[in-house]
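Q: data.tsv (TSV, C-alpha atoms) pasted underneath:
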chain	number	residue	atom	x	y	z
R	927	MET	CA	33.22	2.66	-11.93
R	928	GLU	CA	29.67	2.72	-10.68
R	929	GLN	CA	28.08	-0.64	-10.28
R	930	VAL	CA	24.38	-0.37	-10.97
R	931	ILE	CA	22.15	-2.85	-9.20
R	932	THR	CA	18.57	-2.76	-10.44
R	933	VAL	CA	15.90	-3.32	-7.84
R	934	GLY	CA	12.90	-4.65	-9.74
R	935	LEU	CA	9.25	-4.62	-8.87
R	936	GLY	CA	8.68	-6.26	-5.52
R	937	GLU	CA	12.39	-6.71	-4.90
R	938	LEU	CA	14.94	-5.62	-2.33
R	939	ALA	CA	18.71	-5.21	-2.57
R	940	VAL	CA	21.36	-4.35	-0.01
R	941	SER	CA	25.03	-3.63	-0.51
R	942	ASP	CA	28.14	-2.36	1.19
R	943	HIS	CA	30.16	-2.13	-2.00
R	944	PRO	CA	31.43	1.47	-2.28
R	945	GLU	CA	30.78	1.64	-6.01
R	946	ALA	CA	27.29	0.18	-5.90
R	947	VAL	CA	24.29	2.27	-6.92
R	948	LEU	CA	20.94	0.69	-6.14
R	949	VAL	CA	18.25	1.81	-8.56
R	950	ALA	CA	14.48	1.38	-8.68
R	951	PHE	CA	13.42	2.54	-12.13
R	952	GLY	CA	10.05	3.95	-13.00
R	953	LEU	CA	8.20	3.83	-9.70
R	954	GLY	CA	4.57	4.72	-10.28
R	955	SER	CA	2.25	3.99	-7.42
R	956	CYS	CA	4.99	1.80	-5.97
R	957	VAL	CA	7.26	3.16	-3.25
R	958	GLY	CA	11.01	3.00	-3.02
R	959	VAL	CA	12.36	2.91	0.53
R	960	ALA	CA	16.07	3.63	0.96
R	961	ALA	CA	17.98	2.89	4.16
R	962	TYR	CA	21.62	3.78	4.82
R	963	ASP	CA	24.06	3.43	7.67
R	964	PRO	CA	26.67	6.19	7.17
R	965	VAL	CA	29.11	4.65	9.62
R	966	ARG	CA	29.00	1.11	8.25
R	967	LYS	CA	28.61	2.57	4.72
R	968	ALA	CA	25.99	0.00	3.83
R	969	GLY	CA	22.53	0.56	2.45
R	970	GLY	CA	19.50	-1.03	0.91
R	971	LEU	CA	16.60	-0.20	-1.34
R	972	LEU	CA	13.11	-1.72	-1.34
R	973	HIS	CA	10.72	-1.47	-4.33
R	974	ALA	CA	7.32	-2.32	-2.86
R	975	MET	CA	4.10	-2.60	-4.86
R	976	LEU	CA	1.31	-2.85	-2.34
R	977	PRO	CA	0.74	-1.64	1.22
R	978	GLN	CA	-0.21	-4.80	2.98
R	979	HIS	CA	1.03	-8.34	2.91
R	980	ARG	CA	-1.49	-10.88	1.69
R	981	ASN	CA	-1.73	-14.21	3.43
R	982	GLY	CA	0.25	-16.90	1.76
R	983	ASP	CA	2.40	-14.69	-0.44
R	984	LYS	CA	5.98	-15.78	-0.01
R	985	ASN	CA	7.44	-12.63	-1.47
R	986	LEU	CA	7.67	-10.33	1.57
R	987	THR	CA	9.38	-7.56	-0.37
R	988	LYS	CA	6.37	-7.00	-2.62
R	989	PHE	CA	4.61	-5.32	0.30
R	990	VAL	CA	5.43	-2.21	2.33
R	991	ASP	CA	4.49	-3.62	5.74
R	992	THR	CA	6.63	-6.74	5.42
R	993	GLY	CA	9.28	-5.25	3.11
R	994	ILE	CA	10.52	-2.56	5.51
R	995	PRO	CA	11.32	-4.96	8.40
R	996	GLU	CA	12.93	-7.25	5.84
R	997	LEU	CA	15.12	-4.39	4.64
R	998	LEU	CA	16.06	-3.54	8.22
R	999	ASN	CA	16.98	-7.16	8.97
R	1000	ARG	CA	19.06	-7.52	5.83
R	1001	LEU	CA	20.99	-4.37	6.73
R	1002	LEU	CA	21.54	-5.51	10.32
R	1003	ALA	CA	22.84	-8.79	8.94
R	1004	LEU	CA	25.35	-6.76	6.93
R	1005	GLY	CA	26.61	-5.24	10.14
R	1006	ALA	CA	24.66	-1.98	10.10
R	1007	ARG	CA	23.41	-0.58	13.41
R	1008	ARG	CA	19.77	0.20	13.77
R	1009	GLU	CA	20.26	3.56	15.51
R	1010	GLN	CA	22.65	4.73	12.79
R	1011	ILE	CA	20.41	3.93	9.83
R	1012	ILE	CA	18.70	6.84	8.11
R	1013	TRP	CA	15.62	6.33	5.98
R	1014	ARG	CA	14.21	8.08	2.92
R	1015	TYR	CA	11.32	7.15	0.67
R	1016	ALA	CA	9.85	8.25	-2.65
R	1017	GLY	CA	7.06	7.25	-5.00
R	1018	GLY	CA	3.39	6.55	-4.39
R	1019	ALA	CA	2.10	8.65	-7.26
R	1020	GLN	CA	-1.55	8.65	-8.16
R	1021	MET	CA	-0.98	7.77	-11.73
R	1022	LEU	CA	-4.09	9.18	-13.29
R	1023	ALA	CA	-7.75	9.69	-12.89
R	1024	ALA	CA	-9.78	7.90	-15.53
R	1025	PRO	CA	-12.86	5.72	-15.57
R	1026	GLY	CA	-12.18	2.28	-14.21
R	1027	LEU	CA	-8.66	3.09	-13.12
R	1028	SER	CA	-7.01	2.66	-9.80
R	1029	ASN	CA	-8.00	6.07	-8.40
R	1030	ARG	CA	-10.85	4.38	-6.57
R	1031	PHE	CA	-8.29	2.76	-4.37
R	1032	ASN	CA	-5.40	5.15	-4.85
R	1033	ILE	CA	-2.78	2.56	-4.07
R	1034	GLY	CA	-0.06	5.21	-4.30
R	1035	ALA	CA	-1.41	7.10	-1.29
R	1036	GLN	CA	-1.98	3.85	0.59
R	1037	ASN	CA	1.60	2.81	-0.05
R	1038	VAL	CA	2.88	6.14	1.26
R	1039	GLY	CA	0.59	5.98	4.31
R	1040	MET	CA	1.77	2.49	5.14
R	1041	THR	CA	5.42	3.45	4.67
R	1042	ARG	CA	5.03	6.31	7.13
R	1043	GLU	CA	3.19	4.11	9.59
R	1044	VAL	CA	5.67	1.24	9.50
R	1045	LEU	CA	8.70	3.53	9.80
R	1046	ALA	CA	7.06	5.17	12.81
R	1047	ARG	CA	6.08	1.82	14.33
R	1048	TYR	CA	9.70	0.69	14.29
R	1049	ALA	CA	10.89	4.16	15.39
R	1050	LEU	CA	13.15	4.51	12.35
R	1051	ARG	CA	14.72	7.87	11.54
R	1052	VAL	CA	13.30	9.46	8.39
R	1053	VAL	CA	15.31	12.28	6.81
R	1054	GLY	CA	13.66	12.77	3.42
R	1055	GLN	CA	10.68	11.94	1.27
R	1056	ASP	CA	9.20	12.77	-2.10
R	1057	THR	CA	5.77	11.28	-2.65
R	1058	GLY	CA	2.45	11.72	-4.40
R	1059	GLY	CA	1.99	13.65	-7.61
R	1060	HIS	CA	1.04	12.09	-10.91
R	1061	GLN	CA	4.35	11.06	-12.43
R	1062	GLY	CA	6.66	8.11	-12.27
R	1063	ARG	CA	10.03	8.39	-10.53
R	1064	THR	CA	13.39	6.70	-10.60
R	1065	VAL	CA	15.14	6.45	-7.24
R	1066	ARG	CA	18.86	5.89	-6.76
R	1067	LEU	CA	20.82	5.14	-3.61
R	1068	PHE	CA	24.60	5.65	-3.81
R	1069	ILE	CA	26.36	3.34	-1.36
R	1070	ALA	CA	29.56	5.41	-1.39
R	1071	ASP	CA	28.01	8.35	0.47
R	1072	GLY	CA	24.36	7.41	1.04
R	1073	ARG	CA	22.89	10.10	-1.14
R	1074	VAL	CA	19.50	9.45	-2.68
R	1075	THR	CA	18.35	11.00	-5.94
R	1076	VAL	CA	14.93	11.17	-7.54
R	1077	ARG	CA	14.21	11.76	-11.19
R	1078	GLU	CA	10.83	12.21	-12.83
R	1079	VAL	CA	10.13	11.39	-16.45
R	1080	SER	CA	11.91	13.88	-18.74
R	1081	GLY	CA	13.03	15.76	-15.64
R	1082	LEU	CA	16.31	16.44	-13.94
R	1083	GLU	CA	17.71	14.31	-11.21
R	1084	ARG	CA	17.54	15.93	-7.79
R	1085	LEU	CA	18.83	15.13	-4.37
R	1086	LEU	CA	16.40	13.84	-1.77
S	1190	MET	CA	-2.75	-18.97	-11.89
S	1191	GLU	CA	0.64	-19.44	-13.51
S	1192	SER	CA	-0.05	-23.00	-14.46
S	1193	LEU	CA	-3.33	-21.88	-15.94
S	1194	LEU	CA	-1.75	-19.22	-18.14
S	1195	THR	CA	0.96	-21.51	-19.37
S	1196	SER	CA	-1.13	-24.62	-19.95
S	1197	GLU	CA	-1.11	-25.81	-23.53
S	1198	LYS	CA	-4.83	-25.38	-24.06
S	1199	MET	CA	-4.71	-21.87	-22.69
S	1200	GLN	CA	-1.75	-20.99	-24.91
S	1201	THR	CA	-3.66	-22.11	-27.98
S	1202	LEU	CA	-6.70	-20.18	-26.90
S	1203	LEU	CA	-4.68	-17.04	-26.27
S	1204	GLN	CA	-2.98	-17.26	-29.65
S	1205	VAL	CA	-6.33	-17.62	-31.43
S	1206	MET	CA	-7.64	-14.70	-29.44
S	1207	ALA	CA	-4.60	-12.57	-30.25
S	1208	ASN	CA	-4.59	-13.33	-33.97
S	1209	SER	CA	-8.23	-12.58	-34.37
S	1210	GLY	CA	-8.03	-9.46	-32.22
S	1211	ILE	CA	-4.95	-7.98	-33.85
S	1212	GLU	CA	-6.23	-8.59	-37.35
S	1213	ARG	CA	-9.42	-6.70	-36.61
S	1214	ALA	CA	-7.52	-3.93	-34.91
S	1215	ALA	CA	-5.39	-3.47	-38.04
S	1216	ASN	CA	-8.46	-3.40	-40.25
S	1217	GLY	CA	-10.11	-0.87	-38.00
S	1218	LEU	CA	-7.11	1.42	-38.01
S	1219	SER	CA	-6.77	1.08	-41.79
S	1220	GLU	CA	-10.32	2.30	-42.18
S	1221	MET	CA	-9.73	5.13	-39.76
S	1222	ILE	CA	-6.76	6.58	-41.60
S	1223	ARG	CA	-7.94	5.36	-45.01
S	1224	GLN	CA	-4.60	3.76	-45.70
S	1225	ARG	CA	-3.70	0.13	-45.55
S	1226	ILE	CA	-2.10	-0.83	-42.28
S	1227	VAL	CA	-0.59	-4.25	-41.94
S	1228	MET	CA	0.09	-5.81	-38.61
S	1229	THR	CA	2.39	-8.72	-38.08
S	1230	VAL	CA	1.05	-11.89	-36.55
S	1231	PRO	CA	1.26	-11.17	-32.87
S	1232	THR	CA	3.63	-12.98	-30.64
S	1233	VAL	CA	1.95	-14.09	-27.48
S	1234	SER	CA	4.08	-14.65	-24.48
S	1235	VAL	CA	3.59	-15.16	-20.82
S	1236	VAL	CA	6.37	-13.23	-19.16
S	1237	PRO	CA	7.43	-12.44	-15.61
S	1238	ILE	CA	5.98	-9.12	-14.50
S	1239	SER	CA	9.40	-7.73	-13.74
S	1240	SER	CA	10.56	-8.25	-17.31
S	1241	VAL	CA	7.72	-6.35	-18.98
S	1242	PRO	CA	9.37	-2.89	-18.81
S	1243	GLU	CA	12.47	-4.34	-20.49
S	1244	ARG	CA	10.34	-5.37	-23.44
S	1245	VAL	CA	9.35	-1.79	-24.10
S	1246	GLY	CA	12.80	-0.25	-23.82
S	1247	GLY	CA	13.43	-0.36	-20.09
S	1248	PRO	CA	11.46	0.84	-17.08
S	1249	GLU	CA	12.69	4.42	-17.34
S	1250	ASN	CA	11.94	4.72	-21.04
S	1251	MET	CA	9.31	7.33	-21.81
S	1252	VAL	CA	6.35	5.66	-23.45
S	1253	VAL	CA	2.75	6.45	-24.25
S	1254	GLY	CA	0.11	4.14	-22.86
S	1255	ILE	CA	-3.49	4.02	-23.96
S	1256	TYR	CA	-5.49	2.20	-21.35
S	1257	LEU	CA	-8.94	0.66	-21.56
S	1258	ALA	CA	-10.79	-1.82	-19.44
S	1259	ALA	CA	-13.06	-4.39	-21.02
S	1260	GLU	CA	-16.42	-5.05	-19.50
S	1261	GLY	CA	-18.95	-7.76	-20.22
S	1262	ASP	CA	-18.64	-11.54	-20.51
S	1263	LEU	CA	-15.10	-10.93	-21.59
S	1264	SER	CA	-13.52	-8.73	-19.00
S	1265	GLY	CA	-9.98	-7.61	-18.48
S	1266	HIS	CA	-7.56	-4.78	-19.08
S	1267	VAL	CA	-5.84	-3.65	-22.22
S	1268	MET	CA	-2.92	-1.25	-22.43
S	1269	LEU	CA	-1.52	-0.24	-25.79
S	1270	ILE	CA	2.08	0.90	-25.50
S	1271	LEU	CA	4.01	2.94	-28.03
S	1272	ASN	CA	7.43	4.46	-27.82
S	1273	TYR	CA	7.15	8.22	-27.47
S	1274	HIS	CA	8.49	8.90	-30.95
S	1275	ASP	CA	6.27	6.30	-32.52
S	1276	ALA	CA	3.32	7.91	-30.78
S	1277	LEU	CA	4.19	11.28	-32.34
S	1278	ALA	CA	4.43	9.59	-35.74
S	1279	LEU	CA	1.08	7.91	-35.23
S	1280	VAL	CA	-0.51	11.27	-34.46
S	1281	ASP	CA	0.82	12.64	-37.76
S	1282	LEU	CA	-0.64	9.62	-39.52
S	1283	LEU	CA	-4.00	10.08	-37.86
S	1284	LEU	CA	-4.14	13.80	-38.55
S	1285	GLU	CA	-2.93	13.29	-42.12
S	1286	GLN	CA	0.05	15.54	-41.81
S	1287	PRO	CA	3.70	14.99	-42.75
S	1288	GLU	CA	5.69	12.98	-40.27
S	1289	GLY	CA	7.60	15.25	-37.92
S	1290	THR	CA	4.81	17.82	-37.66
S	1291	THR	CA	3.79	16.70	-34.19
S	1292	THR	CA	6.52	17.36	-31.64
S	1293	THR	CA	4.61	17.33	-28.37
S	1294	LEU	CA	1.53	15.57	-27.12
S	1295	ASP	CA	-0.89	18.46	-26.76
S	1296	PRO	CA	-4.57	17.86	-26.00
S	1297	LEU	CA	-5.40	17.42	-29.69
S	1298	ALA	CA	-2.64	14.84	-30.14
S	1299	ARG	CA	-3.74	13.01	-27.00
S	1300	SER	CA	-7.29	12.97	-28.20
S	1301	ALA	CA	-6.20	11.53	-31.55
S	1302	LEU	CA	-4.26	8.81	-29.75
S	1303	ALA	CA	-7.18	8.08	-27.45
S	1304	GLU	CA	-9.40	7.72	-30.50
S	1305	ALA	CA	-6.97	5.37	-32.21
S	1306	GLY	CA	-6.58	3.36	-29.02
S	1307	ASN	CA	-10.29	3.16	-28.55
S	1308	LEU	CA	-10.76	1.94	-32.06
S	1309	ALA	CA	-7.91	-0.57	-31.94
S	1310	ALA	CA	-9.10	-1.91	-28.61
S	1311	SER	CA	-12.74	-2.13	-29.72
S	1312	PHE	CA	-11.79	-4.05	-32.82
S	1313	PHE	CA	-9.43	-6.16	-30.80
S	1314	LEU	CA	-12.22	-7.07	-28.40
S	1315	ASN	CA	-14.57	-7.77	-31.29
S	1316	GLY	CA	-12.01	-10.11	-32.77
S	1317	VAL	CA	-11.55	-11.86	-29.47
S	1318	ALA	CA	-15.30	-12.05	-29.02
S	1319	ALA	CA	-15.71	-13.60	-32.46
S	1320	ALA	CA	-13.03	-16.17	-31.74
S	1321	LEU	CA	-14.27	-17.11	-28.30
S	1322	GLY	CA	-17.96	-16.43	-28.44
S	1323	LEU	CA	-17.79	-13.99	-25.54
S	1324	SER	CA	-18.58	-10.32	-25.79
S	1325	GLY	CA	-16.81	-7.39	-24.23
S	1326	ARG	CA	-16.87	-3.64	-24.67
S	1327	PRO	CA	-14.18	-1.13	-23.81
S	1328	THR	CA	-14.43	1.70	-21.29
S	1329	PRO	CA	-13.38	5.19	-22.48
S	1330	PRO	CA	-9.63	5.30	-23.07
S	1331	ALA	CA	-7.06	7.12	-20.97
S	1332	VAL	CA	-3.79	8.34	-22.47
S	1333	ILE	CA	-0.75	8.34	-20.21
S	1334	VAL	CA	2.75	9.58	-20.92
S	1335	ASP	CA	5.24	8.28	-18.41
S	1336	MET	CA	8.05	5.87	-17.65
S	1337	ALA	CA	7.27	2.32	-18.73
S	1338	GLY	CA	7.73	1.09	-15.18
S	1339	ALA	CA	5.22	3.56	-13.81
S	1340	ILE	CA	2.67	2.59	-16.46
S	1341	LEU	CA	3.17	-1.04	-15.55
S	1342	ASP	CA	2.25	-0.20	-11.96
S	1343	ILE	CA	-1.09	1.15	-13.14
S	1344	MET	CA	-1.95	-2.02	-14.98
S	1345	LEU	CA	-0.96	-4.37	-12.22
S	1346	ILE	CA	-2.68	-2.52	-9.49
S	1347	THR	CA	-5.82	-1.73	-11.42
S	1348	ALA	CA	-6.13	-5.31	-12.45
S	1349	GLY	CA	-5.37	-6.50	-8.94
S	1350	GLN	CA	-3.16	-8.99	-10.68
S	1351	LEU	CA	-0.88	-10.36	-8.05
S	1352	GLY	CA	0.50	-13.33	-9.86
S	1353	ASP	CA	4.06	-13.12	-11.05
S	1354	GLU	CA	3.36	-13.41	-14.76
S	1355	VAL	CA	1.42	-11.44	-17.33
S	1356	LEU	CA	0.33	-11.91	-20.89
S	1357	LEU	CA	2.07	-9.76	-23.46
S	1358	LEU	CA	1.09	-9.46	-27.12
S	1359	GLU	CA	3.50	-7.76	-29.41
S	1360	SER	CA	2.74	-6.71	-32.94
S	1361	VAL	CA	4.24	-4.34	-35.48
S	1362	PHE	CA	2.07	-1.93	-37.43
S	1363	GLN	CA	3.29	-1.18	-40.83
S	1364	ARG	CA	2.11	1.41	-43.28
S	1365	ALA	CA	4.11	1.50	-46.49
S	1366	GLU	CA	7.74	1.68	-45.41
S	1367	ARG	CA	6.98	3.08	-41.95
S	1368	GLN	CA	6.99	0.77	-38.98
S	1369	LEU	CA	5.41	1.55	-35.68
S	1370	LYS	CA	5.81	-0.92	-32.93
S	1371	LEU	CA	2.73	-1.39	-30.85
S	1372	TYR	CA	2.53	-3.51	-27.77
S	1373	PHE	CA	-0.69	-4.80	-26.32
S	1374	TRP	CA	-0.49	-5.63	-22.69
S	1375	VAL	CA	-3.49	-7.75	-21.96
S	1376	LEU	CA	-4.59	-8.86	-18.56
S	1377	PRO	CA	-7.62	-11.03	-19.20
S	1378	ASP	CA	-9.80	-12.07	-16.33
S	1379	LEU	CA	-9.10	-15.73	-16.41
S	1380	LEU	CA	-12.35	-17.05	-15.07
S	1381	PRO	CA	-14.31	-16.91	-18.33
S	1382	LEU	CA	-11.33	-18.22	-20.28
S	1383	ARG	CA	-10.94	-21.10	-17.89
S	1384	SER	CA	-14.40	-22.34	-18.64
S	1385	LEU	CA	-13.55	-22.33	-22.35
S	1386	THR	CA	-10.51	-24.53	-21.95
S	1387	GLY	CA	-12.47	-26.84	-19.71
S	1388	GLU	CA	-9.83	-26.65	-17.03
S	1389	SER	CA	-11.09	-26.63	-13.54
S	1390	ASN	CA	-8.01	-25.23	-11.90
Let me see the structure of the file written as structure tokens.

A:
Amino acid sequence: MEQVITVGLGELAVSDHPEAVLVAFGLGSCVGVAAYDPVRKAGGLLHAMLPQHRNGDKNLTKFVDTGIPELLNRLLALGARREQIIWRYAGGAQMLAAPGLSNRFNIGAQNVGMTREVLARYALRVVGQDTGGHQGRTVRLFIADGRVTVREVSGLERLL
Amino acid sequence: MESLLTSEKMQTLLQVMANSGIERAANGLSEMIRQRIVMTVPTVSVVPISSVPERVGGPENMVVGIYLAAEGDLSGHVMLILNYHDALALVDLLLEQPEGTTTTLDPLARSALAEAGNLAASFFLNGVAAALGLSGRPTPPAVIVDMAGAILDIMLITAGQLGDEVLLLESVFQRAERQLKLYFWVLPDLLPLRSLTGESN
């Protein structure tokens, strides 16, 4: 039996339970960052909202730049090895262009840019990504084998 | 910010605002479709951000959002949320055709929804303005069809709302025996409201 663990907005979950499936539902401009150690068979999923940590905010996992190191640390604490962990990320859509809406800032693109930058800064191995566009996505990480799937609204689920 | 939203005075103010706004929105829509639409007294709740998608059927549920910003003394963001099927039914109502005629949201259907959203939001803001003595006007509406979670992202990021709670108004539209559930997500800018409750922090 699959054990679904929902990773809500600004949250992070890690697991080494073989039946666990970590899911971030309906990512819009948010990004989902999945990390998996295929030897240790442990993984984690981050659902970050904004690129950069704001002073004083205690919730590190709301932000890409503080959430990724947090995810790495949580996985290491589970016994994963840094050089074995593979990384994938998805999300960061530009939700729509309309007067007064977020396109001025395009947080989606900023989230993706920051994800790329932070993964590179820590020299983490990226094997897949699916970003941008104008639609929300649901991202799943299967702990049993580390596969990551992405589904868009009314669309089919595909492997990342 | 949380303590401000949940303070007793603010709760009372928000309920007054919601009642007045929703009543006007119902009247406006009734006039638009020339049929009596009743709306239930809205429930006003301050909920954790992460629970909002659950309220509208789960974060992956396909919903239609009609978004407007309010500008003026009374500023903030309003998102009307309908379930996809309710949105199709609303289009049929607006276009005066039998329910079930509309099966996809083509440009005409989207435009009808935008119009309805514009009207509901304008009346809503008028109602709020009348209750509070502040005026606000809506920006042109945008219609979005997507997962509830993704639509939530738009609201939060556009509003720059980084607190952990949001204001949610929920009301049911009813026309004859047909019910359409309409959610108003409202993110008011709290500064003007704060001065009304006389709270300094």

Q: Just need the residues of chain S within 12 Å of chain R, counting all atoms listed in the file, so spit them out as number ranges by chain.

A: S: 1237-1243, 1246-1260, 1265-1268, 1273, 1327-1353

Q: Please identify all polymer residues within 7 Å of S:Phe1313, counting all atoms listed in the file, omitting same-chain residues fewer than 2 positions from it, and present them as a PyMOL selection string.

A: chain S and resi 1210-1211+1213-1214+1309-1311+1315-1317

Q: How many Å separate atom CA of S:Leu1279 from atom CA of S:Glu1212?

A: 18.2 Å

Q: In Å, rounded to a single decimal, give me how far atom CA of R:Thr992 is from atom CA of R:Val1074.

A: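 Separation between atom CA of R:Val1074 and atom CA of R:Thr992: 22.2 Å.
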
Q: When you look at stretch 1372-1375 of chain S with a cut-off of 7 Å (counting all atoms listed in the file), what residues show up, excluding the ones that are within fewer than 4 positions of it in the same chain? I need them as a ChimeraX atom specification.

A: /S:1266-1271,1356-1360

Q: Supply stretch 1068-1085 of chain R as a CSV table (one decimal), in the coordinates of the input, with N, CA, C and O atoms built in where the input has gaps.

A:
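Writing the result to selection-v1.csv gives the following:
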chain,number,residue,atom,x,y,z
R,1068,PHE,N,23.2,5.8,-3.6
R,1068,PHE,CA,24.6,5.6,-3.8
R,1068,PHE,C,25.2,5.2,-2.5
R,1068,PHE,O,25.2,5.9,-1.5
R,1069,ILE,N,25.8,4.0,-2.6
R,1069,ILE,CA,26.4,3.3,-1.4
R,1069,ILE,C,27.6,4.1,-0.9
R,1069,ILE,O,27.9,4.1,0.3
R,1070,ALA,N,28.3,4.7,-1.8
R,1070,ALA,CA,29.6,5.4,-1.4
R,1070,ALA,C,29.3,6.5,-0.3
R,1070,ALA,O,30.0,6.5,0.7
R,1071,ASP,N,28.2,7.3,-0.5
R,1071,ASP,CA,28.0,8.4,0.5
R,1071,ASP,C,26.6,8.4,1.0
R,1071,ASP,O,26.2,9.3,1.7
R,1072,GLY,N,25.7,7.5,0.5
R,1072,GLY,CA,24.4,7.4,1.0
R,1072,GLY,C,23.4,8.4,0.4
R,1072,GLY,O,22.3,8.5,0.9
R,1073,ARG,N,23.8,9.1,-0.6
R,1073,ARG,CA,22.9,10.1,-1.1
R,1073,ARG,C,21.8,9.4,-2.0
R,1073,ARG,O,22.1,8.3,-2.6
R,1074,VAL,N,20.6,10.0,-2.0
R,1074,VAL,CA,19.5,9.4,-2.7
R,1074,VAL,C,19.0,10.5,-3.7
R,1074,VAL,O,18.9,11.7,-3.3
R,1075,THR,N,18.8,10.1,-4.9
R,1075,THR,CA,18.4,11.0,-5.9
R,1075,THR,C,17.0,10.5,-6.5
R,1075,THR,O,16.7,9.3,-6.5
R,1076,VAL,N,16.2,11.5,-6.9
R,1076,VAL,CA,14.9,11.2,-7.5
R,1076,VAL,C,14.9,11.9,-8.9
R,1076,VAL,O,15.2,13.0,-9.0
R,1077,ARG,N,14.4,11.2,-9.9
R,1077,ARG,CA,14.2,11.8,-11.2
R,1077,ARG,C,12.8,11.4,-11.7
R,1077,ARG,O,12.4,10.3,-11.6
R,1078,GLU,N,12.1,12.5,-12.2
R,1078,GLU,CA,10.8,12.2,-12.8
R,1078,GLU,C,11.0,12.1,-14.3
R,1078,GLU,O,12.0,12.5,-14.9
R,1079,VAL,N,10.0,11.6,-15.0
R,1079,VAL,CA,10.1,11.4,-16.4
R,1079,VAL,C,10.5,12.7,-17.1
R,1079,VAL,O,9.9,13.8,-16.8
R,1080,SER,N,11.4,12.7,-18.0
R,1080,SER,CA,11.9,13.9,-18.7
R,1080,SER,C,12.4,15.0,-17.8
R,1080,SER,O,12.5,16.2,-18.2
R,1081,GLY,N,12.6,14.7,-16.6
R,1081,GLY,CA,13.0,15.8,-15.6
R,1081,GLY,C,14.5,15.6,-15.2
R,1081,GLY,O,15.1,14.6,-15.5
R,1082,LEU,N,14.9,16.5,-14.4
R,1082,LEU,CA,16.3,16.4,-13.9
R,1082,LEU,C,16.3,15.6,-12.7
R,1082,LEU,O,15.4,15.5,-11.9
R,1083,GLU,N,17.5,15.1,-12.4
R,1083,GLU,CA,17.7,14.3,-11.2
R,1083,GLU,C,17.9,15.3,-10.1
R,1083,GLU,O,18.7,16.3,-10.2
R,1084,ARG,N,17.3,15.0,-8.9
R,1084,ARG,CA,17.5,15.9,-7.8
R,1084,ARG,C,17.8,15.1,-6.5
R,1084,ARG,O,17.4,13.9,-6.4
R,1085,LEU,N,18.4,15.8,-5.6
R,1085,LEU,CA,18.8,15.1,-4.4
R,1085,LEU,C,17.6,15.1,-3.4
R,1085,LEU,O,16.9,16.1,-3.3
